[in-house]
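Colleague: Below you will find the structure I want to go over with you.
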Amino acid sequence: MASAHGDLRHLLPATYKRLISEWLEEDCPSFDYGGFVVGESEGEAKLLGKSQGIIAGVPFFDEVFAQLGCSVEWHHTEGSSLPQSTKTHVATVRGPIRKILLGERVALNILARCSGIATKTSSLLNTLRNHGWQGTLAGTRKTTPGFRVAEKYGILVGGADPHRHDLSSMTMLKDNHVWACANNEASKTTTAGGEEDIAAAIPKAVAAARSVGGFSTKVEVEVRSVEEANAAIEAGADVVMLDNFDSAGVREAARHLKESWAARGKPRGTFLIEVSGGLNEGNATEYVCEDVDILSTSSIHQGVGIVDFSLKVSLR
């Protein structure tokens with residue numbers, strides 16, 4: 001998909017080709033008995049889109065067949081929508097029939113899953129935009145091991161923000177990090193790491209993160225209360241995540257934080273407010289307001305449906 005700023009395939013690391021090789025090896029680790037039956041005849045196969053959705057995952061599909069000595073001609077671009085209840089000729093794969101069939105299931109699985117993520121992402125984003133919210137919708141790190149690059153790519157095709165890709169992308173101090181920091185400090189004293197200790201530990205955790213991440217790594221802190229949010233902002237956190245607040249609590253906390261810190265010399269944009277925890281297409285609009293900058297959710301990529309595709313082979 002060509003975004004407003006360029007072709008998304010240019011984002012992919014060279015290592016994604018190694019992933020494709022591993023997925024092909026997983027699907028055929030020894031003998032290809034079906035391929036033996038087919039032989040070496042040349043042919044082509046039509047890629048048919050059979051359900052409504054957004055096409056995503058084109059670079060992965062192309063690489064599967066490139067590694068098998070086949071070519072792919074696309075008739076619909078990545079990011080375009082497939083209609084409902086009709087078979088759409090999306091692309092044509094050409095090469096040895098044996099090789100087309102060898103890559104068929106791997107290529108279709110990737111395309112179906114990636115397209116399902118793009119479709120779900122686009123749907124939720126449109127819902128939020130129609131509600132008048134112009135903030136950032138982001139995915140989370142609750143991705144499938146080994147398939148993260150494809151899932152994050154699908155989020156991008158769907159128009160949302162992929163959030164951090166891994167633990168090295170940004171320092172996110174979640175409740176467990178802060179709790180462990182508080183209790184580590186508590187073990188040196190007579191306190192027990194309670195609620196007040198958690199808020200008190202946030203500046204120490206942020207400072208420790210800054211000491212190794214440097215100026216180029218943003219720091220985000222997950223908080224459970226306005227008190228903890230204030231501690232994080234005062235410590236210099238770039239992003240504050242209001243986690244598992246109810247919708248009314250989110251709107252009140254976000255407004256209070258933006259207004260109170262603006263009065264103290266930190267204008268809007270100095271820090272961002274992210275909301276996460278149980279958000280989905282059914283409730284996300286309840287949490288939006290002008291004081292919320294980011295909504296992050298795993299509902300756009302974890303456990304989502306697929307877009308149905310098939311390959312139909314014919315001899316030349």
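Chain lettering (A, B, ...) mirrors the order of the structure tokens, residue numbering begins at 1 for each chain separately, and ligand numbering begins at 1 in order of display.
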Env of stretch 289-306 of chain A: 6 Å cut, atoms = only C-alpha atoms, seq-sep filter 5 positions within chain, self excluded. Answer as a list in words.

Modeller: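 The residues satisfying every condition are Ala112, Arg113, Gly116, Ile117, Lys120, Thr121, Gly135, Thr136, Leu137, Ala138, Gly139, Thr140, Ala254, Arg255, Leu272, Ile273, Glu274, Val275, Ser276, Leu279 and Asn280 of chain A.
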
Colleague: Can I get the selected residues back with C-alpha atoms, as an mmCIF file, in the first residue's frame?

Modeller:
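The resulting file, out17.cif, is shown below:
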```
data_model
loop_
_atom_site.group_PDB
_atom_site.id
_atom_site.type_symbol
_atom_site.label_atom_id
_atom_site.label_comp_id
_atom_site.auth_asym_id
_atom_site.auth_seq_id
_atom_site.Cartn_x
_atom_site.Cartn_y
_atom_site.Cartn_z
ATOM 1 C CA ALA A 112 -5.813 -13.699 4.947
ATOM 2 C CA ARG A 113 -4.555 -12.875 8.434
ATOM 3 C CA GLY A 116 -8.178 -9.345 8.463
ATOM 4 C CA ILE A 117 -6.101 -7.114 10.726
ATOM 5 C CA LYS A 120 -10.577 -4.599 11.598
ATOM 6 C CA THR A 121 -8.181 -1.701 12.122
ATOM 7 C CA GLY A 135 -6.317 11.254 17.936
ATOM 8 C CA THR A 136 -4.100 8.227 17.353
ATOM 9 C CA LEU A 137 -5.407 4.654 17.283
ATOM 10 C CA ALA A 138 -2.624 2.182 18.050
ATOM 11 C CA GLY A 139 -2.121 -1.565 18.286
ATOM 12 C CA THR A 140 -0.334 -3.241 21.189
ATOM 13 C CA ALA A 254 -7.451 13.510 31.117
ATOM 14 C CA ARG A 255 -9.121 16.930 31.391
ATOM 15 C CA LEU A 272 0.623 12.638 25.745
ATOM 16 C CA ILE A 273 -2.238 10.787 27.377
ATOM 17 C CA GLU A 274 -2.875 7.242 26.241
ATOM 18 C CA VAL A 275 -5.884 5.143 27.211
ATOM 19 C CA SER A 276 -5.783 1.358 27.186
ATOM 20 C CA LEU A 279 -11.065 -1.114 24.348
ATOM 21 C CA ASN A 280 -12.868 -2.464 21.292
#
```

Colleague: Write out as a count of residues only which residues come within 12 Å of A:Gly159 when counting only C-alpha atoms, dropping same-chain ones fewer than 4 positions away.

Modeller: 28

Colleague: Check the smallest atom-to-atom distance from each of A:Pro96, A:Gly213, A:Pro162, A:Pro145 to A:Gly35 using only C-alpha atoms, then report the winner.

Modeller: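 Distance minimum relative to A:Gly35 lands on A:Pro96.
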
Colleague: Pick out the closest residue to A:Arg105 from this set: A:Val90, A:Thr77, A:His256, A:Phe65. Count only C-alpha atoms.

Modeller: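 Result for the nearest residue to A:Arg105: A:Phe65.
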
Colleague: Tell me which protein, DNA and RNA residues are within 8 Å of A:Gly53, counting only C-alpha atoms, leaving out same-chain ones fewer than 6 positions away, and put them as number ranges by chain.

Modeller: A: 81-84, 115-116, 119, 307

Colleague: For the residues in that selection, give me N, CA, C and O atoms as a compact mmCIF listing (two decimals), in the first residue's frame.

Modeller:
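Output below, filename part13.txt:
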```txt
# COMPACT_ATOMS: atom_id res chain seq x y z
N SER A 81 -10.26 -2.08 -1.19
CA SER A 81 -11.32 -2.86 -0.55
C SER A 81 -11.91 -3.88 -1.50
O SER A 81 -12.10 -3.60 -2.69
N LEU A 82 -12.20 -5.05 -0.96
CA LEU A 82 -12.89 -6.09 -1.71
C LEU A 82 -14.38 -6.02 -1.40
O LEU A 82 -14.77 -5.80 -0.26
N PRO A 83 -15.22 -6.22 -2.41
CA PRO A 83 -16.67 -6.17 -2.17
C PRO A 83 -17.16 -7.42 -1.47
O PRO A 83 -16.46 -8.43 -1.38
N GLN A 84 -18.36 -7.37 -0.97
CA GLN A 84 -18.96 -8.51 -0.28
C GLN A 84 -19.69 -9.41 -1.28
O GLN A 84 -20.22 -8.95 -2.29
N SER A 115 -4.76 -9.24 6.05
CA SER A 115 -5.91 -8.49 5.53
C SER A 115 -7.00 -8.37 6.58
O SER A 115 -7.69 -7.33 6.67
N GLY A 116 -7.19 -9.41 7.38
CA GLY A 116 -8.18 -9.34 8.46
C GLY A 116 -7.83 -8.27 9.48
O GLY A 116 -8.71 -7.54 9.96
N THR A 119 -8.46 -4.84 7.93
CA THR A 119 -9.89 -4.59 7.85
C THR A 119 -10.46 -4.18 9.20
O THR A 119 -11.23 -3.21 9.31
N VAL A 307 -9.77 -12.29 6.04
CA VAL A 307 -10.39 -12.07 4.74
C VAL A 307 -10.11 -13.32 3.93
O VAL A 307 -8.97 -13.79 3.86
```

Colleague: Measuring atom to atom with only C-alpha atoms, identify which of A:Val313, A:Ser51, A:Asn109, A:Cys70 is nearest to A:Ser85.

Modeller: A:Ser51

Colleague: Any chance you could list, as a PDB file with N, CA and C atoms, in the first residue's frame, the residues in stretch 214-262 of chain A that come up helix (DSSP H, G or I) when DSSP is run on the backbone?

Modeller:
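Resulting contents of selection02.pdb:
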```pdb
ATOM      1  N   VAL A 226      -4.806   9.405  39.273  1.00  0.00           N
ATOM      2  CA  VAL A 226      -4.324  10.745  38.932  1.00  0.00           C
ATOM      3  C   VAL A 226      -3.049  11.049  39.709  1.00  0.00           C
ATOM      4  N   GLU A 227      -2.965  10.573  40.942  1.00  0.00           N
ATOM      5  CA  GLU A 227      -1.754  10.789  41.750  1.00  0.00           C
ATOM      6  C   GLU A 227      -0.532  10.196  41.052  1.00  0.00           C
ATOM      7  N   GLU A 228      -0.662   8.967  40.554  1.00  0.00           N
ATOM      8  CA  GLU A 228       0.447   8.338  39.854  1.00  0.00           C
ATOM      9  C   GLU A 228       0.748   9.055  38.541  1.00  0.00           C
ATOM     10  N   ALA A 229      -0.297   9.521  37.846  1.00  0.00           N
ATOM     11  CA  ALA A 229      -0.103  10.265  36.604  1.00  0.00           C
ATOM     12  C   ALA A 229       0.682  11.545  36.857  1.00  0.00           C
ATOM     13  N   ASN A 230       0.329  12.269  37.906  1.00  0.00           N
ATOM     14  CA  ASN A 230       1.053  13.489  38.247  1.00  0.00           C
ATOM     15  C   ASN A 230       2.518  13.208  38.563  1.00  0.00           C
ATOM     16  N   ALA A 231       2.766  12.105  39.248  1.00  0.00           N
ATOM     17  CA  ALA A 231       4.144  11.734  39.569  1.00  0.00           C
ATOM     18  C   ALA A 231       4.932  11.440  38.298  1.00  0.00           C
ATOM     19  N   ALA A 232       4.295  10.769  37.349  1.00  0.00           N
ATOM     20  CA  ALA A 232       4.958  10.440  36.093  1.00  0.00           C
ATOM     21  C   ALA A 232       5.264  11.684  35.267  1.00  0.00           C
ATOM     22  N   ILE A 233       4.287  12.586  35.184  1.00  0.00           N
ATOM     23  CA  ILE A 233       4.475  13.822  34.408  1.00  0.00           C
ATOM     24  C   ILE A 233       5.561  14.684  35.042  1.00  0.00           C
ATOM     25  N   GLU A 234       5.522  14.784  36.349  1.00  0.00           N
ATOM     26  CA  GLU A 234       6.529  15.589  37.042  1.00  0.00           C
ATOM     27  C   GLU A 234       7.923  15.006  36.853  1.00  0.00           C
ATOM     28  N   ALA A 235       8.000  13.681  36.721  1.00  0.00           N
ATOM     29  CA  ALA A 235       9.289  13.018  36.522  1.00  0.00           C
ATOM     30  C   ALA A 235       9.791  13.148  35.088  1.00  0.00           C
ATOM     31  N   SER A 247     -14.861   4.929  31.480  1.00  0.00           N
ATOM     32  CA  SER A 247     -14.917   6.009  30.492  1.00  0.00           C
ATOM     33  C   SER A 247     -15.059   7.379  31.151  1.00  0.00           C
ATOM     34  N   ALA A 248     -15.894   7.472  32.180  1.00  0.00           N
ATOM     35  CA  ALA A 248     -16.059   8.752  32.870  1.00  0.00           C
ATOM     36  C   ALA A 248     -14.773   9.143  33.584  1.00  0.00           C
ATOM     37  N   GLY A 249     -14.102   8.156  34.163  1.00  0.00           N
ATOM     38  CA  GLY A 249     -12.838   8.416  34.837  1.00  0.00           C
ATOM     39  C   GLY A 249     -11.761   8.890  33.887  1.00  0.00           C
ATOM     40  N   VAL A 250     -11.756   8.325  32.684  1.00  0.00           N
ATOM     41  CA  VAL A 250     -10.791   8.743  31.668  1.00  0.00           C
ATOM     42  C   VAL A 250     -10.992  10.205  31.299  1.00  0.00           C
ATOM     43  N   ARG A 251     -12.229  10.570  30.994  1.00  0.00           N
ATOM     44  CA  ARG A 251     -12.497  11.945  30.561  1.00  0.00           C
ATOM     45  C   ARG A 251     -12.148  12.948  31.667  1.00  0.00           C
ATOM     46  N   GLU A 252     -12.499  12.623  32.906  1.00  0.00           N
ATOM     47  CA  GLU A 252     -12.220  13.523  34.018  1.00  0.00           C
ATOM     48  C   GLU A 252     -10.718  13.624  34.285  1.00  0.00           C
ATOM     49  N   ALA A 253     -10.044  12.474  34.309  1.00  0.00           N
ATOM     50  CA  ALA A 253      -8.610  12.471  34.596  1.00  0.00           C
ATOM     51  C   ALA A 253      -7.828  13.177  33.492  1.00  0.00           C
ATOM     52  N   ALA A 254      -8.171  12.900  32.239  1.00  0.00           N
ATOM     53  CA  ALA A 254      -7.451  13.510  31.117  1.00  0.00           C
ATOM     54  C   ALA A 254      -7.633  15.029  31.114  1.00  0.00           C
ATOM     55  N   ARG A 255      -8.860  15.484  31.354  1.00  0.00           N
ATOM     56  CA  ARG A 255      -9.121  16.930  31.391  1.00  0.00           C
ATOM     57  C   ARG A 255      -8.337  17.578  32.530  1.00  0.00           C
ATOM     58  N   HIS A 256      -8.405  16.963  33.700  1.00  0.00           N
ATOM     59  CA  HIS A 256      -7.718  17.522  34.872  1.00  0.00           C
ATOM     60  C   HIS A 256      -6.211  17.606  34.635  1.00  0.00           C
ATOM     61  N   LEU A 257      -5.632  16.548  34.086  1.00  0.00           N
ATOM     62  CA  LEU A 257      -4.181  16.528  33.875  1.00  0.00           C
ATOM     63  C   LEU A 257      -3.750  17.578  32.861  1.00  0.00           C
ATOM     64  N   LYS A 258      -4.468  17.679  31.756  1.00  0.00           N
ATOM     65  CA  LYS A 258      -4.101  18.646  30.729  1.00  0.00           C
ATOM     66  C   LYS A 258      -4.241  20.077  31.254  1.00  0.00           C
ATOM     67  N   GLU A 259      -5.335  20.361  31.944  1.00  0.00           N
ATOM     68  CA  GLU A 259      -5.572  21.719  32.434  1.00  0.00           C
ATOM     69  C   GLU A 259      -4.626  22.091  33.574  1.00  0.00           C
ATOM     70  N   SER A 260      -4.450  21.192  34.531  1.00  0.00           N
ATOM     71  CA  SER A 260      -3.621  21.520  35.695  1.00  0.00           C
ATOM     72  C   SER A 260      -2.155  21.679  35.315  1.00  0.00           C
ATOM     73  N   TRP A 261      -1.681  20.857  34.398  1.00  0.00           N
ATOM     74  CA  TRP A 261      -0.278  20.979  34.007  1.00  0.00           C
ATOM     75  C   TRP A 261      -0.057  22.143  33.040  1.00  0.00           C
ATOM     76  N   ALA A 262      -1.061  22.512  32.274  1.00  0.00           N
ATOM     77  CA  ALA A 262      -0.962  23.720  31.440  1.00  0.00           C
ATOM     78  C   ALA A 262      -0.811  24.945  32.337  1.00  0.00           C
TER      79      ALA A 262
END
```

Colleague: For A:Glu25, which of A:Asp7, A:Gly43, A:Gln67, A:Phe61 is the closest residue, counting only C-alpha atoms?

Modeller: A:Gln67

Colleague: Among stretch 186-262 of chain A, which ones does DSSP place in strand (DSSP E or B), written as a PDB file with all heavy atoms, in the first residue's frame?

Modeller:
```pdb
ATOM      1  N   VAL A 219       9.800   7.653  27.121  1.00  0.00           N
ATOM      2  CA  VAL A 219       9.414   6.904  28.318  1.00  0.00           C
ATOM      3  C   VAL A 219       7.915   7.062  28.527  1.00  0.00           C
ATOM      4  O   VAL A 219       7.391   8.178  28.556  1.00  0.00           O
ATOM      5  CB  VAL A 219      10.169   7.405  29.568  1.00  0.00           C
ATOM      6  CG1 VAL A 219       9.655   6.688  30.822  1.00  0.00           C
ATOM      7  CG2 VAL A 219      11.663   7.192  29.412  1.00  0.00           C
ATOM      8  N   GLU A 220       7.244   5.922  28.656  1.00  0.00           N
ATOM      9  CA  GLU A 220       5.814   5.910  28.955  1.00  0.00           C
ATOM     10  C   GLU A 220       5.602   5.218  30.289  1.00  0.00           C
ATOM     11  O   GLU A 220       6.276   4.223  30.596  1.00  0.00           O
ATOM     12  CB  GLU A 220       5.036   5.187  27.858  1.00  0.00           C
ATOM     13  CG  GLU A 220       3.548   5.077  28.134  1.00  0.00           C
ATOM     14  CD  GLU A 220       2.732   4.605  26.933  1.00  0.00           C
ATOM     15  OE1 GLU A 220       3.327   4.321  25.878  1.00  0.00           O
ATOM     16  OE2 GLU A 220       1.498   4.537  27.058  1.00  0.00           O
ATOM     17  N   VAL A 221       4.661   5.722  31.075  1.00  0.00           N
ATOM     18  CA  VAL A 221       4.373   5.135  32.381  1.00  0.00           C
ATOM     19  C   VAL A 221       2.893   4.781  32.461  1.00  0.00           C
ATOM     20  O   VAL A 221       2.022   5.615  32.202  1.00  0.00           O
ATOM     21  CB  VAL A 221       4.732   6.105  33.530  1.00  0.00           C
ATOM     22  CG1 VAL A 221       4.433   5.442  34.882  1.00  0.00           C
ATOM     23  CG2 VAL A 221       6.199   6.507  33.458  1.00  0.00           C
ATOM     24  N   GLU A 222       2.626   3.540  32.814  1.00  0.00           N
ATOM     25  CA  GLU A 222       1.252   3.091  33.049  1.00  0.00           C
ATOM     26  C   GLU A 222       0.845   3.487  34.468  1.00  0.00           C
ATOM     27  O   GLU A 222       1.582   3.210  35.419  1.00  0.00           O
ATOM     28  CB  GLU A 222       1.178   1.574  32.876  1.00  0.00           C
ATOM     29  CG  GLU A 222      -0.196   0.983  33.120  1.00  0.00           C
ATOM     30  CD  GLU A 222      -0.177  -0.532  33.012  1.00  0.00           C
ATOM     31  OE1 GLU A 222      -0.265  -1.032  31.888  1.00  0.00           O
ATOM     32  OE2 GLU A 222      -0.045  -1.198  34.064  1.00  0.00           O
ATOM     33  N   VAL A 223      -0.323   4.124  34.600  1.00  0.00           N
ATOM     34  CA  VAL A 223      -0.754   4.596  35.912  1.00  0.00           C
ATOM     35  C   VAL A 223      -2.171   4.127  36.215  1.00  0.00           C
ATOM     36  O   VAL A 223      -2.963   3.862  35.313  1.00  0.00           O
ATOM     37  CB  VAL A 223      -0.685   6.140  36.013  1.00  0.00           C
ATOM     38  CG1 VAL A 223       0.738   6.632  35.773  1.00  0.00           C
ATOM     39  CG2 VAL A 223      -1.642   6.801  35.023  1.00  0.00           C
ATOM     40  N   VAL A 239       4.783   9.976  27.844  1.00  0.00           N
ATOM     41  CA  VAL A 239       3.427   9.472  27.668  1.00  0.00           C
ATOM     42  C   VAL A 239       2.941   8.902  28.992  1.00  0.00           C
ATOM     43  O   VAL A 239       3.688   8.204  29.682  1.00  0.00           O
ATOM     44  CB  VAL A 239       3.369   8.366  26.588  1.00  0.00           C
ATOM     45  CG1 VAL A 239       1.916   7.981  26.305  1.00  0.00           C
ATOM     46  CG2 VAL A 239       4.073   8.794  25.311  1.00  0.00           C
ATOM     47  N   VAL A 240       1.707   9.211  29.339  1.00  0.00           N
ATOM     48  CA  VAL A 240       1.065   8.637  30.528  1.00  0.00           C
ATOM     49  C   VAL A 240      -0.088   7.770  30.054  1.00  0.00           C
ATOM     50  O   VAL A 240      -0.954   8.228  29.303  1.00  0.00           O
ATOM     51  CB  VAL A 240       0.550   9.739  31.475  1.00  0.00           C
ATOM     52  CG1 VAL A 240      -0.266   9.130  32.608  1.00  0.00           C
ATOM     53  CG2 VAL A 240       1.714  10.539  32.029  1.00  0.00           C
ATOM     54  N   MET A 241      -0.080   6.519  30.474  1.00  0.00           N
ATOM     55  CA  MET A 241      -1.156   5.596  30.081  1.00  0.00           C
ATOM     56  C   MET A 241      -2.144   5.427  31.227  1.00  0.00           C
ATOM     57  O   MET A 241      -1.791   4.936  32.301  1.00  0.00           O
ATOM     58  CB  MET A 241      -0.609   4.223  29.694  1.00  0.00           C
ATOM     59  CG  MET A 241      -1.717   3.230  29.321  1.00  0.00           C
ATOM     60  SD  MET A 241      -1.180   1.515  29.271  1.00  0.00           S
ATOM     61  CE  MET A 241      -0.227   1.517  27.769  1.00  0.00           C
ATOM     62  N   LEU A 242      -3.383   5.840  30.981  1.00  0.00           N
ATOM     63  CA  LEU A 242      -4.453   5.605  31.941  1.00  0.00           C
ATOM     64  C   LEU A 242      -4.990   4.206  31.665  1.00  0.00           C
ATOM     65  O   LEU A 242      -5.679   3.976  30.684  1.00  0.00           O
ATOM     66  CB  LEU A 242      -5.555   6.652  31.779  1.00  0.00           C
ATOM     67  CG  LEU A 242      -5.117   8.120  31.829  1.00  0.00           C
ATOM     68  CD1 LEU A 242      -6.329   9.034  31.636  1.00  0.00           C
ATOM     69  CD2 LEU A 242      -4.401   8.443  33.128  1.00  0.00           C
ATOM     70  N   ASP A 243      -4.655   3.275  32.539  1.00  0.00           N
ATOM     71  CA  ASP A 243      -4.970   1.873  32.276  1.00  0.00           C
ATOM     72  C   ASP A 243      -6.173   1.418  33.082  1.00  0.00           C
ATOM     73  O   ASP A 243      -6.212   1.568  34.309  1.00  0.00           O
ATOM     74  CB  ASP A 243      -3.762   1.000  32.614  1.00  0.00           C
ATOM     75  CG  ASP A 243      -3.973  -0.448  32.205  1.00  0.00           C
ATOM     76  OD1 ASP A 243      -4.336  -0.685  31.044  1.00  0.00           O
ATOM     77  OD2 ASP A 243      -3.784  -1.334  33.059  1.00  0.00           O
TER      78      ASP A 243
END
```

Colleague: Set the distance at 8 Å and use only C-alpha atoms: which residues neighbour A:Ile110 once local chain neighbours fewer than 2 positions away are removed? I'd like the list as a ChimeraX atom specification.

Modeller: /A:57,60-61,106-108,112-114,150

Colleague: Ranking A:Ile202, A:Ala284, A:Leu111, A:Leu12 by minimum distance to A:Ala180 and counting only C-alpha atoms, which one comes first?

Modeller: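 Distance minimum relative to A:Ala180 lands on A:Ile202.
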
Colleague: Atom CA of A:Phe147 and atom CA of A:Gly278 are how many Å apart?

Modeller: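 Atom-to-atom, atom CA of A:Phe147 and atom CA of A:Gly278 are spaced 22.6 Å apart.
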
Colleague: Quick one: residues within 8 Å of A:Arg141, only C-alpha atoms, excluding same-chain residues fewer than 5 positions away - as a VMD selection string?

Modeller: chain A and resid 163 to 166 298

Colleague: Selection from above, N, CA, C and O atoms, as an mmCIF file, in the first residue's frame, can you write it?

Modeller:
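So the final result, stored in again20.cif, reads:
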```cif
data_model
loop_
_atom_site.group_PDB
_atom_site.id
_atom_site.type_symbol
_atom_site.label_atom_id
_atom_site.label_comp_id
_atom_site.auth_asym_id
_atom_site.auth_seq_id
_atom_site.Cartn_x
_atom_site.Cartn_y
_atom_site.Cartn_z
ATOM 1 N N HIS A 163 2.265 1.387 17.273
ATOM 2 C CA HIS A 163 2.779 1.495 18.650
ATOM 3 C C HIS A 163 4.219 0.996 18.660
ATOM 4 O O HIS A 163 4.890 0.981 17.629
ATOM 5 N N ARG A 164 4.717 0.534 19.799
ATOM 6 C CA ARG A 164 6.099 0.045 19.832
ATOM 7 C C ARG A 164 6.144 -1.374 19.266
ATOM 8 O O ARG A 164 5.233 -2.182 19.459
ATOM 9 N N HIS A 165 7.250 -1.677 18.593
ATOM 10 C CA HIS A 165 7.388 -2.988 17.975
ATOM 11 C C HIS A 165 7.960 -4.022 18.936
ATOM 12 O O HIS A 165 7.727 -5.217 18.782
ATOM 13 N N ASP A 166 8.736 -3.580 19.901
ATOM 14 C CA ASP A 166 9.417 -4.506 20.803
ATOM 15 C C ASP A 166 9.864 -3.739 22.048
ATOM 16 O O ASP A 166 9.641 -2.534 22.163
ATOM 17 N N SER A 298 -5.626 -4.165 21.660
ATOM 18 C CA SER A 298 -5.246 -5.393 20.962
ATOM 19 C C SER A 298 -6.396 -5.930 20.126
ATOM 20 O O SER A 298 -6.227 -6.889 19.370
#
```

Colleague: Given the choices A:Ala91, A:Val58, A:Val149, A:Ala160, which gets closest to A:Thr15 if the distance is worked out from only C-alpha atoms?

Modeller: A:Val149
